[in-house]
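start-v7.pdb (PDB, N, CA and C atoms)
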```
ATOM      1  N   MET A 618     -65.073  24.640 -60.176  1.00  0.00           N
ATOM      2  CA  MET A 618     -64.371  23.666 -60.979  1.00  0.00           C
ATOM      3  C   MET A 618     -62.873  23.699 -60.691  1.00  0.00           C
ATOM      4  N   SER A 619     -62.326  24.888 -60.568  1.00  0.00           N
ATOM      5  CA  SER A 619     -60.876  24.988 -60.382  1.00  0.00           C
ATOM      6  C   SER A 619     -60.422  24.425 -59.038  1.00  0.00           C
ATOM      7  N   LYS A 620     -61.351  24.312 -58.101  1.00  0.00           N
ATOM      8  CA  LYS A 620     -61.006  23.750 -56.793  1.00  0.00           C
ATOM      9  C   LYS A 620     -61.135  22.234 -56.762  1.00  0.00           C
ATOM     10  N   GLY A 621     -61.535  21.650 -57.882  1.00  0.00           N
ATOM     11  CA  GLY A 621     -61.589  20.199 -57.985  1.00  0.00           C
ATOM     12  C   GLY A 621     -62.852  19.560 -57.442  1.00  0.00           C
ATOM     13  N   PHE A 622     -63.891  20.343 -57.197  1.00  0.00           N
ATOM     14  CA  PHE A 622     -65.143  19.777 -56.692  1.00  0.00           C
ATOM     15  C   PHE A 622     -65.796  18.901 -57.749  1.00  0.00           C
ATOM     16  N   LEU A 623     -66.448  17.855 -57.295  1.00  0.00           N
ATOM     17  CA  LEU A 623     -67.247  17.010 -58.171  1.00  0.00           C
ATOM     18  C   LEU A 623     -68.547  17.732 -58.499  1.00  0.00           C
ATOM     19  N   TYR A 624     -69.180  17.329 -59.592  1.00  0.00           N
ATOM     20  CA  TYR A 624     -70.463  17.950 -59.958  1.00  0.00           C
ATOM     21  C   TYR A 624     -71.459  17.840 -58.813  1.00  0.00           C
ATOM     22  N   LYS A 625     -71.452  16.701 -58.130  1.00  0.00           N
ATOM     23  CA  LYS A 625     -72.365  16.482 -57.007  1.00  0.00           C
ATOM     24  C   LYS A 625     -72.122  17.506 -55.896  1.00  0.00           C
ATOM     25  N   GLU A 626     -70.864  17.801 -55.623  1.00  0.00           N
ATOM     26  CA  GLU A 626     -70.519  18.771 -54.586  1.00  0.00           C
ATOM     27  C   GLU A 626     -70.904  20.192 -55.007  1.00  0.00           C
ATOM     28  N   ILE A 627     -70.675  20.521 -56.266  1.00  0.00           N
ATOM     29  CA  ILE A 627     -71.050  21.832 -56.778  1.00  0.00           C
ATOM     30  C   ILE A 627     -72.560  22.009 -56.672  1.00  0.00           C
ATOM     31  N   ALA A 628     -73.300  20.989 -57.102  1.00  0.00           N
ATOM     32  CA  ALA A 628     -74.764  21.043 -57.062  1.00  0.00           C
ATOM     33  C   ALA A 628     -75.263  21.238 -55.631  1.00  0.00           C
ATOM     34  N   SER A 629     -74.683  20.511 -54.721  1.00  0.00           N
ATOM     35  CA  SER A 629     -75.090  20.600 -53.321  1.00  0.00           C
ATOM     36  C   SER A 629     -74.810  21.991 -52.753  1.00  0.00           C
ATOM     37  N   ASN A 630     -73.646  22.538 -53.037  1.00  0.00           N
ATOM     38  CA  ASN A 630     -73.277  23.870 -52.525  1.00  0.00           C
ATOM     39  C   ASN A 630     -74.149  24.970 -53.102  1.00  0.00           C
ATOM     40  N   LEU A 631     -74.599  24.807 -54.349  1.00  0.00           N
ATOM     41  CA  LEU A 631     -75.399  25.839 -55.010  1.00  0.00           C
ATOM     42  C   LEU A 631     -76.902  25.562 -54.960  1.00  0.00           C
ATOM     43  N   PHE A 632     -77.285  24.426 -54.356  1.00  0.00           N
ATOM     44  CA  PHE A 632     -78.693  24.033 -54.234  1.00  0.00           C
ATOM     45  C   PHE A 632     -79.368  23.907 -55.603  1.00  0.00           C
ATOM     46  N   ILE A 633     -78.645  23.272 -56.555  1.00  0.00           N
ATOM     47  CA  ILE A 633     -79.191  22.989 -57.885  1.00  0.00           C
ATOM     48  C   ILE A 633     -78.953  21.523 -58.193  1.00  0.00           C
ATOM     49  N   SER A 634     -79.550  21.032 -59.267  1.00  0.00           N
ATOM     50  CA  SER A 634     -79.393  19.618 -59.605  1.00  0.00           C
ATOM     51  C   SER A 634     -78.055  19.367 -60.305  1.00  0.00           C
ATOM     52  N   ILE A 635     -77.635  18.124 -60.291  1.00  0.00           N
ATOM     53  CA  ILE A 635     -76.408  17.737 -60.976  1.00  0.00           C
ATOM     54  C   ILE A 635     -76.539  17.985 -62.472  1.00  0.00           C
ATOM     55  N   GLU A 636     -77.709  17.755 -63.022  1.00  0.00           N
ATOM     56  CA  GLU A 636     -77.928  18.003 -64.453  1.00  0.00           C
ATOM     57  C   GLU A 636     -77.762  19.479 -64.798  1.00  0.00           C
ATOM     58  N   THR A 637     -78.183  20.356 -63.906  1.00  0.00           N
ATOM     59  CA  THR A 637     -78.003  21.788 -64.130  1.00  0.00           C
ATOM     60  C   THR A 637     -76.520  22.126 -64.143  1.00  0.00           C
ATOM     61  N   VAL A 638     -75.759  21.541 -63.244  1.00  0.00           N
ATOM     62  CA  VAL A 638     -74.307  21.753 -63.218  1.00  0.00           C
ATOM     63  C   VAL A 638     -73.701  21.266 -64.530  1.00  0.00           C
ATOM     64  N   ARG A 639     -74.098  20.079 -64.967  1.00  0.00           N
ATOM     65  CA  ARG A 639     -73.574  19.536 -66.231  1.00  0.00           C
ATOM     66  C   ARG A 639     -73.871  20.463 -67.403  1.00  0.00           C
ATOM     67  N   ARG A 640     -75.067  20.993 -67.452  1.00  0.00           N
ATOM     68  CA  ARG A 640     -75.454  21.895 -68.544  1.00  0.00           C
ATOM     69  C   ARG A 640     -74.617  23.165 -68.505  1.00  0.00           C
ATOM     70  N   HIS A 641     -74.422  23.732 -67.326  1.00  0.00           N
ATOM     71  CA  HIS A 641     -73.610  24.949 -67.198  1.00  0.00           C
ATOM     72  C   HIS A 641     -72.157  24.679 -67.607  1.00  0.00           C
ATOM     73  N   VAL A 642     -71.612  23.563 -67.162  1.00  0.00           N
ATOM     74  CA  VAL A 642     -70.238  23.211 -67.510  1.00  0.00           C
ATOM     75  C   VAL A 642     -70.116  23.011 -69.016  1.00  0.00           C
ATOM     76  N   HIS A 643     -71.088  22.352 -69.614  1.00  0.00           N
ATOM     77  CA  HIS A 643     -71.097  22.162 -71.069  1.00  0.00           C
ATOM     78  C   HIS A 643     -71.078  23.513 -71.787  1.00  0.00           C
ATOM     79  N   ASN A 644     -71.895  24.437 -71.321  1.00  0.00           N
ATOM     80  CA  ASN A 644     -71.936  25.772 -71.919  1.00  0.00           C
ATOM     81  C   ASN A 644     -70.607  26.513 -71.743  1.00  0.00           C
ATOM     82  N   ILE A 645     -69.988  26.351 -70.591  1.00  0.00           N
ATOM     83  CA  ILE A 645     -68.677  26.966 -70.356  1.00  0.00           C
ATOM     84  C   ILE A 645     -67.653  26.404 -71.335  1.00  0.00           C
ATOM     85  N   TYR A 646     -67.643  25.081 -71.503  1.00  0.00           N
ATOM     86  CA  TYR A 646     -66.710  24.444 -72.449  1.00  0.00           C
ATOM     87  C   TYR A 646     -66.910  24.997 -73.857  1.00  0.00           C
ATOM     88  N   GLU A 647     -68.156  25.133 -74.275  1.00  0.00           N
ATOM     89  CA  GLU A 647     -68.433  25.647 -75.620  1.00  0.00           C
ATOM     90  C   GLU A 647     -67.944  27.085 -75.777  1.00  0.00           C
ATOM     91  N   LYS A 648     -68.189  27.917 -74.791  1.00  0.00           N
ATOM     92  CA  LYS A 648     -67.784  29.323 -74.883  1.00  0.00           C
ATOM     93  C   LYS A 648     -66.268  29.488 -74.867  1.00  0.00           C
ATOM     94  N   LEU A 649     -65.584  28.623 -74.139  1.00  0.00           N
ATOM     95  CA  LEU A 649     -64.124  28.700 -74.065  1.00  0.00           C
ATOM     96  C   LEU A 649     -63.441  27.900 -75.176  1.00  0.00           C
ATOM     97  N   HIS A 650     -64.234  27.139 -75.935  1.00  0.00           N
ATOM     98  CA  HIS A 650     -63.707  26.283 -76.999  1.00  0.00           C
ATOM     99  C   HIS A 650     -62.710  25.265 -76.455  1.00  0.00           C
ATOM    100  N   VAL A 651     -63.119  24.556 -75.410  1.00  0.00           N
ATOM    101  CA  VAL A 651     -62.291  23.524 -74.788  1.00  0.00           C
ATOM    102  C   VAL A 651     -63.097  22.232 -74.672  1.00  0.00           C
ATOM    103  N   ARG A 652     -62.397  21.147 -74.317  1.00  0.00           N
ATOM    104  CA  ARG A 652     -63.063  19.854 -74.214  1.00  0.00           C
ATOM    105  C   ARG A 652     -62.926  19.196 -72.850  1.00  0.00           C
ATOM    106  N   SER A 653     -62.215  19.833 -71.925  1.00  0.00           N
ATOM    107  CA  SER A 653     -62.038  19.218 -70.613  1.00  0.00           C
ATOM    108  C   SER A 653     -61.972  20.276 -69.519  1.00  0.00           C
ATOM    109  N   ARG A 654     -62.118  19.807 -68.295  1.00  0.00           N
ATOM    110  CA  ARG A 654     -62.048  20.690 -67.127  1.00  0.00           C
ATOM    111  C   ARG A 654     -60.669  21.322 -67.037  1.00  0.00           C
ATOM    112  N   THR A 655     -59.634  20.526 -67.271  1.00  0.00           N
ATOM    113  CA  THR A 655     -58.265  21.031 -67.204  1.00  0.00           C
ATOM    114  C   THR A 655     -58.036  22.129 -68.229  1.00  0.00           C
ATOM    115  N   ASP A 656     -58.492  21.899 -69.453  1.00  0.00           N
ATOM    116  CA  ASP A 656     -58.345  22.915 -70.500  1.00  0.00           C
ATOM    117  C   ASP A 656     -59.103  24.193 -70.138  1.00  0.00           C
ATOM    118  N   ALA A 657     -60.298  24.043 -69.592  1.00  0.00           N
ATOM    119  CA  ALA A 657     -61.111  25.207 -69.225  1.00  0.00           C
ATOM    120  C   ALA A 657     -60.431  26.023 -68.131  1.00  0.00           C
ATOM    121  N   VAL A 658     -59.927  25.360 -67.107  1.00  0.00           N
ATOM    122  CA  VAL A 658     -59.269  26.062 -66.000  1.00  0.00           C
ATOM    123  C   VAL A 658     -57.993  26.738 -66.494  1.00  0.00           C
ATOM    124  N   ASN A 659     -57.214  26.025 -67.306  1.00  0.00           N
ATOM    125  CA  ASN A 659     -55.980  26.611 -67.845  1.00  0.00           C
ATOM    126  C   ASN A 659     -56.276  27.829 -68.716  1.00  0.00           C
ATOM    127  N   LYS A 660     -57.291  27.739 -69.534  1.00  0.00           N
ATOM    128  CA  LYS A 660     -57.638  28.868 -70.396  1.00  0.00           C
ATOM    129  C   LYS A 660     -58.120  30.048 -69.569  1.00  0.00           C
ATOM    130  N   TYR A 661     -58.907  29.770 -68.552  1.00  0.00           N
ATOM    131  CA  TYR A 661     -59.418  30.840 -67.693  1.00  0.00           C
ATOM    132  C   TYR A 661     -58.284  31.581 -66.998  1.00  0.00           C
ATOM    133  N   PHE A 662     -57.292  30.820 -66.518  1.00  0.00           N
ATOM    134  CA  PHE A 662     -56.169  31.422 -65.812  1.00  0.00           C
ATOM    135  C   PHE A 662     -55.005  31.780 -66.736  1.00  0.00           C
ATOM    136  N   ASN A 663     -55.237  31.735 -68.057  1.00  0.00           N
ATOM    137  CA  ASN A 663     -54.236  32.087 -69.066  1.00  0.00           C
ATOM    138  C   ASN A 663     -52.932  31.319 -68.904  1.00  0.00           C
ATOM    139  N   ARG A 664     -53.031  30.013 -68.742  1.00  0.00           N
ATOM    140  CA  ARG A 664     -51.829  29.180 -68.618  1.00  0.00           C
ATOM    141  C   ARG A 664     -51.504  28.533 -69.922  1.00  0.00           C
TER     142      ARG A 664
END
```
Exercise: express the given structure as structure tokens:
Amino acid sequence: MSKGFLYKEIASNLFISIETVRRHVHNIYEKLHVRSRTDAVNKYFNR
């Protein structure tokens, strides 16, 4: 996510479906208590 890949690109690189990527990203957002990719990356890198 931090490298700016699209869900389709992430799915292709990991050999999983786009829906699986969406579910994982959703779970990451919930655990980090964020609502966007930018917020998640910033929180992860303590910005």
- Target residues per the PyMOL selection byres (((chain A and resi 619 and name CA) around 10) and name CA), formatted as a ChimeraX atom specification: /A:618,620-622,654-655,657-659,661-662
Mind telling me what the PyMOL selection byres ((chain A and resi 624) around 8) catches here, as a compact mmCIF listing (two decimals) with N, CA and C atoms, in the coordinates of the input?
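Ended up saving to result_6.txt:
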```txt
# COMPACT_ATOMS: atom_id res chain seq x y z
N GLY A 621 -61.54 21.65 -57.88
CA GLY A 621 -61.59 20.20 -57.98
C GLY A 621 -62.85 19.56 -57.44
N PHE A 622 -63.89 20.34 -57.20
CA PHE A 622 -65.14 19.78 -56.69
C PHE A 622 -65.80 18.90 -57.75
N LEU A 623 -66.45 17.86 -57.30
CA LEU A 623 -67.25 17.01 -58.17
C LEU A 623 -68.55 17.73 -58.50
N LYS A 625 -71.45 16.70 -58.13
CA LYS A 625 -72.36 16.48 -57.01
C LYS A 625 -72.12 17.51 -55.90
N GLU A 626 -70.86 17.80 -55.62
CA GLU A 626 -70.52 18.77 -54.59
C GLU A 626 -70.90 20.19 -55.01
N ILE A 627 -70.68 20.52 -56.27
CA ILE A 627 -71.05 21.83 -56.78
C ILE A 627 -72.56 22.01 -56.67
N ALA A 628 -73.30 20.99 -57.10
CA ALA A 628 -74.76 21.04 -57.06
C ALA A 628 -75.26 21.24 -55.63
N SER A 629 -74.68 20.51 -54.72
CA SER A 629 -75.09 20.60 -53.32
C SER A 629 -74.81 21.99 -52.75
N ASN A 630 -73.65 22.54 -53.04
CA ASN A 630 -73.28 23.87 -52.52
C ASN A 630 -74.15 24.97 -53.10
N SER A 634 -79.55 21.03 -59.27
CA SER A 634 -79.39 19.62 -59.60
C SER A 634 -78.06 19.37 -60.30
N ILE A 635 -77.64 18.12 -60.29
CA ILE A 635 -76.41 17.74 -60.98
C ILE A 635 -76.54 17.98 -62.47
N GLU A 636 -77.71 17.76 -63.02
CA GLU A 636 -77.93 18.00 -64.45
C GLU A 636 -77.76 19.48 -64.80
N VAL A 638 -75.76 21.54 -63.24
CA VAL A 638 -74.31 21.75 -63.22
C VAL A 638 -73.70 21.27 -64.53
N ARG A 639 -74.10 20.08 -64.97
CA ARG A 639 -73.57 19.54 -66.23
C ARG A 639 -73.87 20.46 -67.40
```
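If you look at CA of Arg664 (chain A) and atom N of His650 (chain A), they are 14.5 Å away from each other.
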- Where in chain A does DSSP assign alpha helix (DSSP H), given as number ranges by chain? A: 624-631, 635-649, 654-661
- Message: One decimal, in Å: what's the spacing between atom N of Arg652 (chain A) and atom C of Arg640 (chain A)?
- Response: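 Atom-to-atom, atom N of Arg652 (chain A) and atom C of Arg640 (chain A) are spaced 13.7 Å apart.
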- Query: Can you tell me how far atom C of Val642 (chain A) sits from atom C of Lys660 (chain A), in Å to one decimal?
  - Reply: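 Atom C of Lys660 (chain A) lies 13.9 Å from atom C of Val642 (chain A).
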How would region 631-652 of chain A look written as a PDB file, in the first residue's frame with C-alpha atoms?
```
ATOM      1  CA  LEU A 631       0.432 -12.016  -4.173  1.00  0.00           C
ATOM      2  CA  PHE A 632      -1.606 -14.407  -6.372  1.00  0.00           C
ATOM      3  CA  ILE A 633      -4.865 -13.623  -4.519  1.00  0.00           C
ATOM      4  CA  SER A 634      -8.153 -12.084  -5.608  1.00  0.00           C
ATOM      5  CA  ILE A 635      -8.902  -8.375  -5.538  1.00  0.00           C
ATOM      6  CA  GLU A 636     -11.689  -9.058  -3.040  1.00  0.00           C
ATOM      7  CA  THR A 637      -9.187 -10.696  -0.697  1.00  0.00           C
ATOM      8  CA  VAL A 638      -6.992  -7.594  -0.921  1.00  0.00           C
ATOM      9  CA  ARG A 639     -10.012  -5.391  -0.176  1.00  0.00           C
ATOM     10  CA  ARG A 640     -10.908  -7.483   2.869  1.00  0.00           C
ATOM     11  CA  HIS A 641      -7.342  -7.351   4.214  1.00  0.00           C
ATOM     12  CA  VAL A 642      -7.138  -3.589   3.667  1.00  0.00           C
ATOM     13  CA  HIS A 643     -10.497  -3.145   5.406  1.00  0.00           C
ATOM     14  CA  ASN A 644      -9.207  -5.132   8.380  1.00  0.00           C
ATOM     15  CA  ILE A 645      -6.022  -3.050   8.473  1.00  0.00           C
ATOM     16  CA  TYR A 646      -8.084   0.167   8.500  1.00  0.00           C
ATOM     17  CA  GLU A 647     -10.184  -1.136  11.391  1.00  0.00           C
ATOM     18  CA  LYS A 648      -7.160  -2.179  13.451  1.00  0.00           C
ATOM     19  CA  LEU A 649      -5.404   1.146  12.889  1.00  0.00           C
ATOM     20  CA  HIS A 650      -8.633   3.128  13.401  1.00  0.00           C
ATOM     21  CA  VAL A 651      -8.253   4.989  10.100  1.00  0.00           C
ATOM     22  CA  ARG A 652     -10.466   5.627   7.085  1.00  0.00           C
TER      23      ARG A 652
END
```
